[in-house]
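Data block below; observations after.
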Amino acid sequence: MVVVTERLTRLEHQWQARPGVLGWLTTTDHKRIGLLYFWTTLVLFGAGGVEALAMRTQLARPNQHLIGPETYNELFTLHGVTMIFFFIIPMTTGAFGNYLLPLMLGARDMAFPRMNALSFWIFLGSGIFLYVSLAVGDAPNAGWFNYVPLSSRHYDPGHNIDFYCLGVIFNSIASTLTAAQFIVTILKSRAPGMSLNRMPLFCYAMFAAAFGLLFALPTLSADVIFLFLDRNVGTHFFDPAYHGSALLWQHLFWFFGHPEVYILIVPAFGIATSIIPAFTQRKMVAFPLVAIAELLVVFIGFGVWAHHMYATGLPTMTMIFFGAATAMVVIPSTIQVFSWCMSFIMGTARFNTPLLFIAGFIFMFVMGGLTGIMFVAIPFDQQVTDTYFVIAHFHYIIFGAAVFPIFGGLYYWFPKVTGKLPFDRPGQIAFWIIFVGTNLLFFPMHILGLIGMTRREYTYPSGLGWEPYNFAETIGAFITTAGILLLLGNLVYSYFRGVESGPDPWHGPTLEWTVPSPPPDYNFAVIPTVRSAYPNWEPAPPYEWLDRGHQQVESEGVDGVIGDIVGMPHESPWPPLLALTLLGVFAMLVLGKFEIAGIMGIFTLLTLVGWHSKEPQES
Amino acid sequence: MTAVPAPRRVAFPAGLWGMLMVIATEGMLLGAFIATYFYLRFKAPVWPPHGDHAPPIATTLILTACLVATSAPMAIASWSAAAGELAKTRLALVIALIVQCGYLAYEFKDFSDELHKSNIVHDQYTSIYYTLLGADHAHVFFGVLLNLWLLGKLVTGLTRYRVRAVQAIAWYWHFVNVLTIVIVGTLLSAHA
């Protein structure tokens with residue numbers, strides 16, 4: 001016993017975080033970084049939500065002019081950009097992924113802890129960068145997909161689109177770092193014995209999303225680089241007068257944009273496949289098929305981009321090809337839906353708040369999926385392109401299939417992060433309010449689209465039959481907001497008044513439930529070994545203490561055989577500094593001061609040199 | 001406490017996986033640039049458009065061959081570092097660096113001369129031509145910085161960390177060399 005206490009003290013000493021603000025600034029602990037991501041994305045979610053409410057308030061009645069057309073353009077653009085790039089991706093990968101991946105894999109930290117911190121600080125910098133544009137009255141205003149020629153210098157002469165181009169590149173650096181981090185961590189940092197077929201489905205989902213990000217984001221970067229050059233240097237990539245092509249923008253954008261949609265929802269699938277076994281106390285039905293389906297969804301997602309472009313005059317053969325490819329997505333999606341539903345049916349489902357959100361998610365995903373299949377019918381797609389029908393479809397997918405599991409996940413892992421149990425009844429009430437609110441908000445959009453309301457209208461005349469639907473939607477928006485506030489308020493209340501949860505309140509299947517709540521800085525005092533995909537239900541004898549230094553086990557890619565014991569870097573001031581210099585580079589670029597941006601770039605390189613001046617201690 | 005006998009297998013280190021990720025995402029970025037080149041080309045009535053010229057074949061190929069040859073000393077540096085031979089590693093790196101710097105200096109001069117003759121804003125061809133070429137040069141430039149940094153690090157000897165760095169940077173250079181071949185091939189395809 002004395003030995004155990006001694007070893008624990010030693011581990012605590014080795015892994016202890018620096019106290020105070022400085023500790024948070026220099027942290028490389030994946031849990032702290034996950035929390036930083038969580039709070040930042042929550043604030044940005046609030047901003048995106050307020051933008052949505054402002055638009056819905058304007059559209060509640062016909063002929064309203066609370067918001068002018070210019071501001072309305074900025075609002076819907078910022079709403080889209082914020083929710084996609086600054087809320088869902090960083091919430092699912094940055095917050096959930098960062099906090100949970102190492103815990104589920106049985107690791108003490110990510111493979112590259114300092115790079116992980118860098119990813120957060122760059123993300124924060126890009127968020128500040130984007131919202132400064134709103135403060136200075138130059139927010140992006142050509143929609144989240146920012147089509148040329150609308151976004152060209154000729155039609156949009158302000159800095160608005162420059163903020164978009166640079167903000168998106170800035171943000172994609174953070175996402176790319178996260179993606180690379182996840183892939184390497186999953187391949188290298190799994191606990192001994194965790195061969196790929198024993199890896200939790202949540203990790204498969206993160207793996208799939210990370211691959212998607214790594215390969216999809218560069219095409220977006222290329223696209224915005226071209227646009228930035230067209231606008232600021234005078235090149236002619238998108239200028240038909242010089243044989244450039246406006247469609248080129250769309251091809252490159254959607255080559256990124258469609259995988260992006262799956263990148264948004266696949267981590268949410270991962271959350272669902274974590275919650276379902278815990279609340280049905282049953283292993284997932286068709287585990288290998290679900291794992292393959294998660295990967296396949298993202299893979300097929302790279303071959304469907306032109307279905308966003310059916311109204312652009314593509315050759316019929318091309319459209320049919322992309323229609324067929326799109327229809328293929330149904331297969332892995334349906335495999336997953338059947339697996340979720342069968343796990344519900346064959347287990348003993350406890351409909352606590354997390355599982356309620358997953359049930360709601362399945363409903364919303366199927367709804368959004370069914371309208372998605374309708375778009376495969378090319379003439380129908382052409383008919384409803386740019387109408388509210390499309391808005392309805394993707395909000396069912398993005399809000400229903402991505403945000404619902406995020407809410408469920410918040411309740412599911414709340415005890416792990418805080419050590420307190422959330423109150424269940426208010427959570428359930430919040431679920432029903434949100435469920436009713438979102439359906440009232442998004443379902444009438446289908447009808448509005450079919451009767452001719454196009455997207456991005458800042459106001460509309462009366463007498464078109466649009467009023468009742470728009471009014472219902474606005475009511476739905478406020479109901480949804482009330483539900484979200486109740487949901488989050490209950491968590492805050494539970495944090496202060498909730499009962500102690502202990503390490504494993506739900507009897508969850510994966511490794512994070514084997515450690516205390518909240519987890520200690522070193523996650524696992526004794527490195528676990530794994531013999532099953534449900535290691536908390538089928539425990540294996542632990543491996544060893546590993547308390548001779550700030551160390552982690554590196555395993556071999558496929559079989560999870562131990563490869564090496566490596567020293568891990570600990571607390572570094574360089575990541576926030578590097579992000580700061582990059583913020584300087586982007587700020588100067590948007591101001592058109594390219595020479596000063598170059599000088600800031602040199603500072604970035606010098607920071608990198610400083611970063612690598614101290615080598616991590618390796619054993 | 002050690003209940004499970006632990007078989008160990010030396011595996012591909014995380015540092016090299018990291019470099020693979022860089023290569024994957026950069027390869028994709030440049031892939032998008034090359035796709036754009038051909039997209040614009042197939043939409044154009046004449047390629048290169050009137051008033052533009054495709055790059056000279058002989059000079060371009062000779063220069064590319066010089067750069068690609070540096071993969072050999074980079075590979076030697078990588079193997080020597082793994083074998084703990086510091087002097088050999090340094091020598092190979094210096095040889096590679098000299099050729100790479102020479103290549104870069106010539107290309108920088110050539111790039112700015114060409115820009116004077118035919119401006120980047122001339123048409124869609126010059127837009128993608130200079131962007132593609134500039135992106136390639138930027139990768140070479142960054143590689144040169146990496147090699148300089150590496151030589152600085154090696155002044156005080158080899159550690160395991162530095163061996164990984166040599167290996168990873170050698171990989172980076174192999175990638176840049178392949179990239180250069182592909183980009184040069186793309187640009188020379190204007191002759192066809």
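Following the order of the structure tokens, first chain is A, next is B, and so on, with residues numbered from 1 inside each chain and ligands from 1 in the order they appear.
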
Skipping near chain neighbours, those fewer than 2 positions away, what residues fall within 12 Å of Phe175 of chain B using only C-alpha atoms, listed as a ChimeraX atom specification?
-> /B:19-27,30,67-68,70-71,74,136,139-140,143,168-173,177-182

With a cut-off of 7 Å, could you pull out the residues of chain A touching chain B and give me the nearest pair of atoms for each, distance in Å to one decimal, using only C-alpha atoms, ordered by chain and ascending number, as a Markdown table?
```
| residue | atom | partner | partner_atom | distance |
| --- | --- | --- | --- | --- |
| A:Ala111 | CA | B:Ala14 | CA | 6.9 |
| A:Ala180 | CA | B:Met21 | CA | 5.7 |
| A:Val184 | CA | B:Trp17 | CA | 6.2 |
| A:Lys188 | CA | B:Ala14 | CA | 6.5 |
| A:Leu214 | CA | B:Thr25 | CA | 5.6 |
| A:Phe215 | CA | B:Thr25 | CA | 5.8 |
| A:Pro218 | CA | B:Leu29 | CA | 4.5 |
| A:Thr219 | CA | B:Ala32 | CA | 5.5 |
| A:Ala222 | CA | B:Leu29 | CA | 6.2 |
| A:Gly234 | CA | B:Val121 | CA | 5.4 |
| A:Thr235 | CA | B:Val121 | CA | 4.6 |
| A:His236 | CA | B:Gln124 | CA | 5.0 |
| A:Phe237 | CA | B:Gln124 | CA | 5.6 |
| A:Tyr242 | CA | B:Asp123 | CA | 5.4 |
| A:His243 | CA | B:Gln124 | CA | 6.0 |
| A:Gly244 | CA | B:Gln124 | CA | 5.3 |
| A:Pro541 | CA | B:Ala3 | CA | 6.0 |
| A:Pro542 | CA | B:Ala3 | CA | 6.6 |
| A:Tyr543 | CA | B:Thr2 | CA | 5.1 |
| A:Glu544 | CA | B:Thr2 | CA | 5.1 |
| A:Glu556 | CA | B:Ala11 | CA | 5.3 |
| A:Val561 | CA | B:Arg8 | CA | 6.3 |
| A:Ile562 | CA | B:Arg8 | CA | 5.0 |
| A:Gly563 | CA | B:Arg9 | CA | 4.8 |
| A:Asp564 | CA | B:Val10 | CA | 6.9 |
| A:Glu615 | CA | B:Tyr161 | CA | 7.0 |
```

Using only C-alpha atoms, the shortest atom-to-atom distance to Val285 of chain A among A:Val330, A:Leu227, A:Trp340, A:Phe594 belongs to A:Trp340

Quick one: pick out all alpha helix (DSSP H) residues within segment 119-224 of chain A from a backbone DSSP run and write them as a ChimeraX atom specification.
-> /A:119-135,160-188,201-224

Pick out the residues sitting within 9 Å of segment 260-272 of chain A, and hand them over as a VMD selection string; count only C-alpha atoms, and ignore anything fewer than 3 positions along from it in its own chain.
-> chain A and resid 84 88 to 89 92 to 93 96 to 97 200 to 213 216 to 217 254 to 257 275 to 277 294 to 295 297 to 298 301 336 340 354 to 355 357 to 358 361 394 397 to 398 401 to 406 408 to 409

Store the residues of this selection in a file with N, CA and C atoms, as a compact mmCIF listing (two decimals), in the first residue's frame.
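Saved file part19.txt follows:
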```
# COMPACT_ATOMS: atom_id res chain seq x y z
N ILE A 84 -20.33 25.92 -38.75
CA ILE A 84 -19.60 24.81 -39.36
C ILE A 84 -18.14 24.78 -38.91
N ILE A 88 -19.24 23.23 -34.78
CA ILE A 88 -19.41 21.78 -34.79
C ILE A 88 -18.06 21.06 -34.90
N ILE A 89 -17.24 21.44 -35.88
CA ILE A 89 -15.96 20.73 -36.02
C ILE A 89 -15.11 20.87 -34.76
N THR A 92 -16.81 18.84 -31.80
CA THR A 92 -16.74 17.38 -31.82
C THR A 92 -15.29 16.89 -31.80
N THR A 93 -14.44 17.49 -32.64
CA THR A 93 -13.06 17.01 -32.65
C THR A 93 -12.27 17.68 -31.52
N PHE A 96 -14.67 17.23 -27.66
CA PHE A 96 -14.94 15.82 -27.34
C PHE A 96 -13.73 14.94 -27.68
N GLY A 97 -13.21 15.12 -28.92
CA GLY A 97 -12.10 14.28 -29.37
C GLY A 97 -10.89 14.43 -28.49
N PRO A 200 -12.59 1.39 -29.73
CA PRO A 200 -13.98 1.84 -29.62
C PRO A 200 -14.45 2.53 -30.91
N LEU A 201 -15.74 2.43 -31.18
CA LEU A 201 -16.29 3.02 -32.41
C LEU A 201 -16.14 4.54 -32.42
N PHE A 202 -16.15 5.14 -31.24
CA PHE A 202 -15.92 6.59 -31.15
C PHE A 202 -14.59 6.94 -31.80
N CYS A 203 -13.58 6.12 -31.55
CA CYS A 203 -12.25 6.39 -32.10
C CYS A 203 -12.25 6.17 -33.62
N TYR A 204 -13.00 5.17 -34.08
CA TYR A 204 -13.14 5.00 -35.54
C TYR A 204 -13.75 6.25 -36.17
N ALA A 205 -14.76 6.78 -35.49
CA ALA A 205 -15.43 7.96 -36.03
C ALA A 205 -14.45 9.13 -36.11
N MET A 206 -13.66 9.30 -35.05
CA MET A 206 -12.68 10.39 -35.04
C MET A 206 -11.61 10.15 -36.11
N PHE A 207 -11.25 8.91 -36.29
CA PHE A 207 -10.26 8.54 -37.29
C PHE A 207 -10.77 8.92 -38.68
N ALA A 208 -12.03 8.58 -38.93
CA ALA A 208 -12.63 8.88 -40.23
C ALA A 208 -12.71 10.39 -40.44
N ALA A 209 -13.16 11.10 -39.42
CA ALA A 209 -13.29 12.55 -39.55
C ALA A 209 -11.92 13.19 -39.77
N ALA A 210 -10.90 12.66 -39.07
CA ALA A 210 -9.56 13.23 -39.20
C ALA A 210 -9.03 13.02 -40.62
N PHE A 211 -9.25 11.84 -41.18
CA PHE A 211 -8.83 11.62 -42.57
C PHE A 211 -9.56 12.57 -43.51
N GLY A 212 -10.84 12.72 -43.25
CA GLY A 212 -11.62 13.65 -44.08
C GLY A 212 -11.02 15.04 -44.04
N LEU A 213 -10.74 15.51 -42.83
CA LEU A 213 -10.19 16.87 -42.68
C LEU A 213 -8.84 16.99 -43.38
N ALA A 216 -9.51 16.88 -47.21
CA ALA A 216 -10.49 17.79 -47.81
C ALA A 216 -10.09 19.26 -47.65
N LEU A 217 -9.55 19.59 -46.49
CA LEU A 217 -9.25 21.01 -46.25
C LEU A 217 -8.29 21.63 -47.26
N TRP A 254 -16.70 22.47 -53.31
CA TRP A 254 -17.52 21.32 -52.92
C TRP A 254 -16.70 20.05 -52.81
N PHE A 255 -15.54 20.02 -53.47
CA PHE A 255 -14.67 18.86 -53.24
C PHE A 255 -14.28 18.81 -51.77
N PHE A 256 -14.15 20.00 -51.19
CA PHE A 256 -13.99 20.08 -49.73
C PHE A 256 -15.35 19.98 -49.03
N GLY A 257 -16.33 20.70 -49.58
CA GLY A 257 -17.58 20.96 -48.86
C GLY A 257 -18.39 19.72 -48.59
N ILE A 275 -22.81 6.16 -26.52
CA ILE A 275 -23.92 6.27 -25.56
C ILE A 275 -24.82 5.03 -25.62
N ILE A 276 -25.05 4.54 -26.85
CA ILE A 276 -26.01 3.43 -26.99
C ILE A 276 -25.60 2.20 -26.16
N PRO A 277 -24.35 1.70 -26.26
CA PRO A 277 -24.02 0.52 -25.45
C PRO A 277 -24.18 0.78 -23.95
N GLU A 294 -18.52 3.82 -40.86
CA GLU A 294 -18.06 5.17 -40.47
C GLU A 294 -16.94 5.63 -41.40
N LEU A 295 -16.02 4.71 -41.71
CA LEU A 295 -14.92 5.09 -42.61
C LEU A 295 -15.43 5.29 -44.04
N VAL A 297 -18.40 6.19 -45.14
CA VAL A 297 -19.18 7.40 -45.36
C VAL A 297 -18.26 8.54 -45.79
N VAL A 298 -17.15 8.68 -45.07
CA VAL A 298 -16.23 9.77 -45.40
C VAL A 298 -15.56 9.50 -46.75
N GLY A 301 -17.82 10.18 -49.47
CA GLY A 301 -18.05 11.63 -49.45
C GLY A 301 -17.13 12.41 -50.38
N GLN A 336 -25.59 1.86 -40.39
CA GLN A 336 -25.46 2.44 -39.04
C GLN A 336 -26.82 2.61 -38.38
N TRP A 340 -27.87 0.98 -34.84
CA TRP A 340 -28.32 1.75 -33.66
C TRP A 340 -29.68 1.23 -33.20
N PRO A 354 -29.07 11.32 -22.09
CA PRO A 354 -28.18 11.05 -23.24
C PRO A 354 -28.84 10.17 -24.29
N LEU A 355 -29.51 9.11 -23.86
CA LEU A 355 -30.10 8.20 -24.85
C LEU A 355 -31.30 8.85 -25.55
N PHE A 357 -31.46 11.93 -26.41
CA PHE A 357 -30.89 12.74 -27.48
C PHE A 357 -30.45 11.86 -28.65
N ILE A 358 -29.99 10.65 -28.35
CA ILE A 358 -29.57 9.77 -29.44
C ILE A 358 -30.80 9.28 -30.20
N PHE A 361 -31.76 12.03 -32.29
CA PHE A 361 -30.78 12.14 -33.39
C PHE A 361 -31.10 11.16 -34.51
N PHE A 394 -30.49 20.38 -44.78
CA PHE A 394 -29.18 20.35 -44.11
C PHE A 394 -29.26 20.77 -42.65
N ILE A 397 -29.93 17.61 -40.89
CA ILE A 397 -28.68 16.85 -40.76
C ILE A 397 -27.75 17.52 -39.75
N ILE A 398 -27.51 18.81 -39.92
CA ILE A 398 -26.48 19.43 -39.09
C ILE A 398 -26.97 19.65 -37.66
N ALA A 401 -28.51 15.78 -36.66
CA ALA A 401 -27.60 14.64 -36.60
C ALA A 401 -26.24 15.00 -36.01
N ALA A 402 -25.90 16.25 -35.90
CA ALA A 402 -24.62 16.59 -35.29
C ALA A 402 -24.79 17.23 -33.92
N VAL A 403 -25.75 18.15 -33.78
CA VAL A 403 -25.85 18.87 -32.51
C VAL A 403 -26.58 18.03 -31.45
N PHE A 404 -27.58 17.26 -31.85
CA PHE A 404 -28.28 16.40 -30.86
C PHE A 404 -27.29 15.47 -30.14
N PRO A 405 -26.46 14.74 -30.90
CA PRO A 405 -25.48 13.89 -30.18
C PRO A 405 -24.51 14.70 -29.33
N ILE A 406 -24.18 15.92 -29.77
CA ILE A 406 -23.30 16.74 -28.93
C ILE A 406 -23.98 16.98 -27.58
N GLY A 408 -26.34 15.14 -26.22
CA GLY A 408 -26.36 13.85 -25.52
C GLY A 408 -25.01 13.56 -24.89
N GLY A 409 -23.95 13.82 -25.67
CA GLY A 409 -22.59 13.59 -25.19
C GLY A 409 -22.25 14.45 -23.99
```

Would you kindly return, as an MDAnalysis selection string, each protein, DNA or RNA residue with an atom no farther than 10 Å from any atom of Gly157 of chain B, considering only C-alpha atoms and excluding same-chain residues fewer than 5 positions away?
-> chainID B and resid 84:87 90 151:152 162

With a distance cut-off of 10 Å and only C-alpha atoms, select the neighbouring residues of Leu188 of chain B, excluding the residue or stretch itself and same-chain residues fewer than 3 positions from it, and output the selection as a count of residues only.
-> 12

What does the distance between atom CA of Met317 of chain A and atom CA of Phe375 of chain A come to in Å, to one decimal place?
->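 Going from atom CA of Met317 of chain A over to atom CA of Phe375 of chain A covers 16.3 Å.
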
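Residues lying within 10 Å of Val376 of chain A, counting only C-alpha atoms and ignoring same-chain neighbours fewer than 2 positions away, are His307, Tyr310, Met319, Ile320, Phe322, Gly323, Ala324, Ala325, Thr326, Ala327, Thr371, Gly372, Ile373, Met374, Ile378, Pro379, Phe380 and Asp381 of chain A.
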
Take the residues from that selection and put them in a file with C-alpha atoms, as a PDB file, in the first residue's frame.
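Dumped to again_13.pdb:
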```pdb
ATOM      1  CA  HIS A 307     -24.414  17.078 -56.597  1.00  0.00           C
ATOM      2  CA  TYR A 310     -26.799  20.354 -60.592  1.00  0.00           C
ATOM      3  CA  MET A 319     -24.768  14.606 -63.167  1.00  0.00           C
ATOM      4  CA  ILE A 320     -25.876  10.981 -63.414  1.00  0.00           C
ATOM      5  CA  PHE A 322     -22.603  12.039 -59.168  1.00  0.00           C
ATOM      6  CA  GLY A 323     -26.247  11.142 -58.544  1.00  0.00           C
ATOM      7  CA  ALA A 324     -25.302   7.455 -58.445  1.00  0.00           C
ATOM      8  CA  ALA A 325     -22.324   8.111 -56.185  1.00  0.00           C
ATOM      9  CA  THR A 326     -24.582  10.089 -53.859  1.00  0.00           C
ATOM     10  CA  ALA A 327     -27.079   7.254 -53.724  1.00  0.00           C
ATOM     11  CA  THR A 371     -34.758  14.434 -48.105  1.00  0.00           C
ATOM     12  CA  GLY A 372     -31.100  13.869 -49.012  1.00  0.00           C
ATOM     13  CA  ILE A 373     -32.065  10.872 -51.130  1.00  0.00           C
ATOM     14  CA  MET A 374     -34.630  13.055 -52.890  1.00  0.00           C
ATOM     15  CA  ILE A 378     -31.707  15.421 -60.541  1.00  0.00           C
ATOM     16  CA  PRO A 379     -34.804  17.231 -61.881  1.00  0.00           C
ATOM     17  CA  PHE A 380     -36.178  17.509 -58.348  1.00  0.00           C
ATOM     18  CA  ASP A 381     -32.862  18.866 -57.117  1.00  0.00           C
TER      19      ASP A 381
END
```

Skip Glu467 of chain A itself and residues of its chain fewer than 4 positions away, then list as a list of chain:residue names all residues within 7 Å of it, counting only C-alpha atoms.
->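 The filter keeps A:Arg61, A:Pro62, A:Phe471.
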
Test item, strand (DSSP E or B) assignment across segment 349-587 of chain A, answer as a PyMOL selection string | chain A and resi 387+420+454+500+551-555+562-567

Those selected residues, please, written with N, CA and C atoms and delivered as a compact mmCIF listing (two decimals), in the first residue's frame.
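Below you can see again_13.txt, which holds the result:
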```
# COMPACT_ATOMS: atom_id res chain seq x y z
N THR A 387 -33.57 26.82 -52.56
CA THR A 387 -34.81 27.16 -51.84
C THR A 387 -34.67 26.71 -50.39
N LYS A 420 -19.61 15.05 -11.11
CA LYS A 420 -20.98 15.22 -10.60
C LYS A 420 -21.99 14.61 -11.56
N THR A 454 -37.02 31.28 -51.64
CA THR A 454 -35.60 30.99 -51.85
C THR A 454 -34.81 31.40 -50.62
N GLU A 500 -22.16 13.31 -6.12
CA GLU A 500 -20.91 12.73 -6.65
C GLU A 500 -21.24 11.54 -7.54
N GLN A 551 6.10 9.86 -19.03
CA GLN A 551 6.21 8.90 -20.14
C GLN A 551 4.87 8.35 -20.61
N GLN A 552 4.91 7.82 -21.80
CA GLN A 552 3.73 7.19 -22.39
C GLN A 552 4.16 5.99 -23.21
N VAL A 553 3.23 5.04 -23.37
CA VAL A 553 3.52 3.87 -24.20
C VAL A 553 3.21 4.20 -25.65
N GLU A 554 4.12 3.86 -26.53
CA GLU A 554 3.85 3.97 -27.97
C GLU A 554 3.63 2.56 -28.49
N SER A 555 2.51 2.36 -29.17
CA SER A 555 2.26 1.00 -29.64
C SER A 555 2.43 0.92 -31.15
N ILE A 562 3.20 -3.39 -27.86
CA ILE A 562 4.00 -2.27 -27.36
C ILE A 562 5.24 -2.08 -28.22
N GLY A 563 5.46 -0.86 -28.67
CA GLY A 563 6.63 -0.58 -29.47
C GLY A 563 7.72 0.04 -28.63
N ASP A 564 7.34 1.01 -27.81
CA ASP A 564 8.34 1.82 -27.16
C ASP A 564 7.73 2.56 -25.97
N ILE A 565 8.61 2.98 -25.05
CA ILE A 565 8.18 3.89 -23.99
C ILE A 565 8.81 5.24 -24.33
N VAL A 566 8.00 6.27 -24.49
CA VAL A 566 8.59 7.56 -24.91
C VAL A 566 8.32 8.64 -23.87
N GLY A 567 9.27 9.57 -23.77
CA GLY A 567 9.10 10.73 -22.89
C GLY A 567 8.19 11.73 -23.59
```

Closest contacts (segment 337-428 of chain A/segment 474-491 of chain A, max 10 Å, only C-alpha atoms) as a tab-separated table:
```
residue	atom	partner	partner_atom	distance
A:Thr353	CA	A:Leu487	CA	9.9
A:Phe407	CA	A:Leu487	CA	8.2
A:Leu410	CA	A:Leu491	CA	8.7
A:Tyr411	CA	A:Leu491	CA	7.9
A:Phe414	CA	A:Leu491	CA	8.0
A:Lys420	CA	A:Leu491	CA	9.5
A:Leu421	CA	A:Leu491	CA	9.0
A:Pro422	CA	A:Leu491	CA	6.0
A:Phe423	CA	A:Asn490	CA	6.9
A:Asp424	CA	A:Asn490	CA	8.9
A:Arg425	CA	A:Asn490	CA	9.6
A:Pro426	CA	A:Asn490	CA	6.6
A:Gly427	CA	A:Leu487	CA	5.7
A:Gln428	CA	A:Leu487	CA	8.7
```

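In this model, the gap between atom CA of Ser172 of chain A and atom CA of Phe389 of chain A comes to 29.2 Å.
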
Counting only C-alpha atoms, the residue of B:Ala96, B:Thr156, B:Val166, B:Phe111 that sits nearest Ala135 of chain B | B:Phe111

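For the set B:Ala105, B:Val99, B:Leu148, B:Ala92, the residue with the smallest atom-to-atom gap to Ala65 of chain B is B:Val99, counting only C-alpha atoms.
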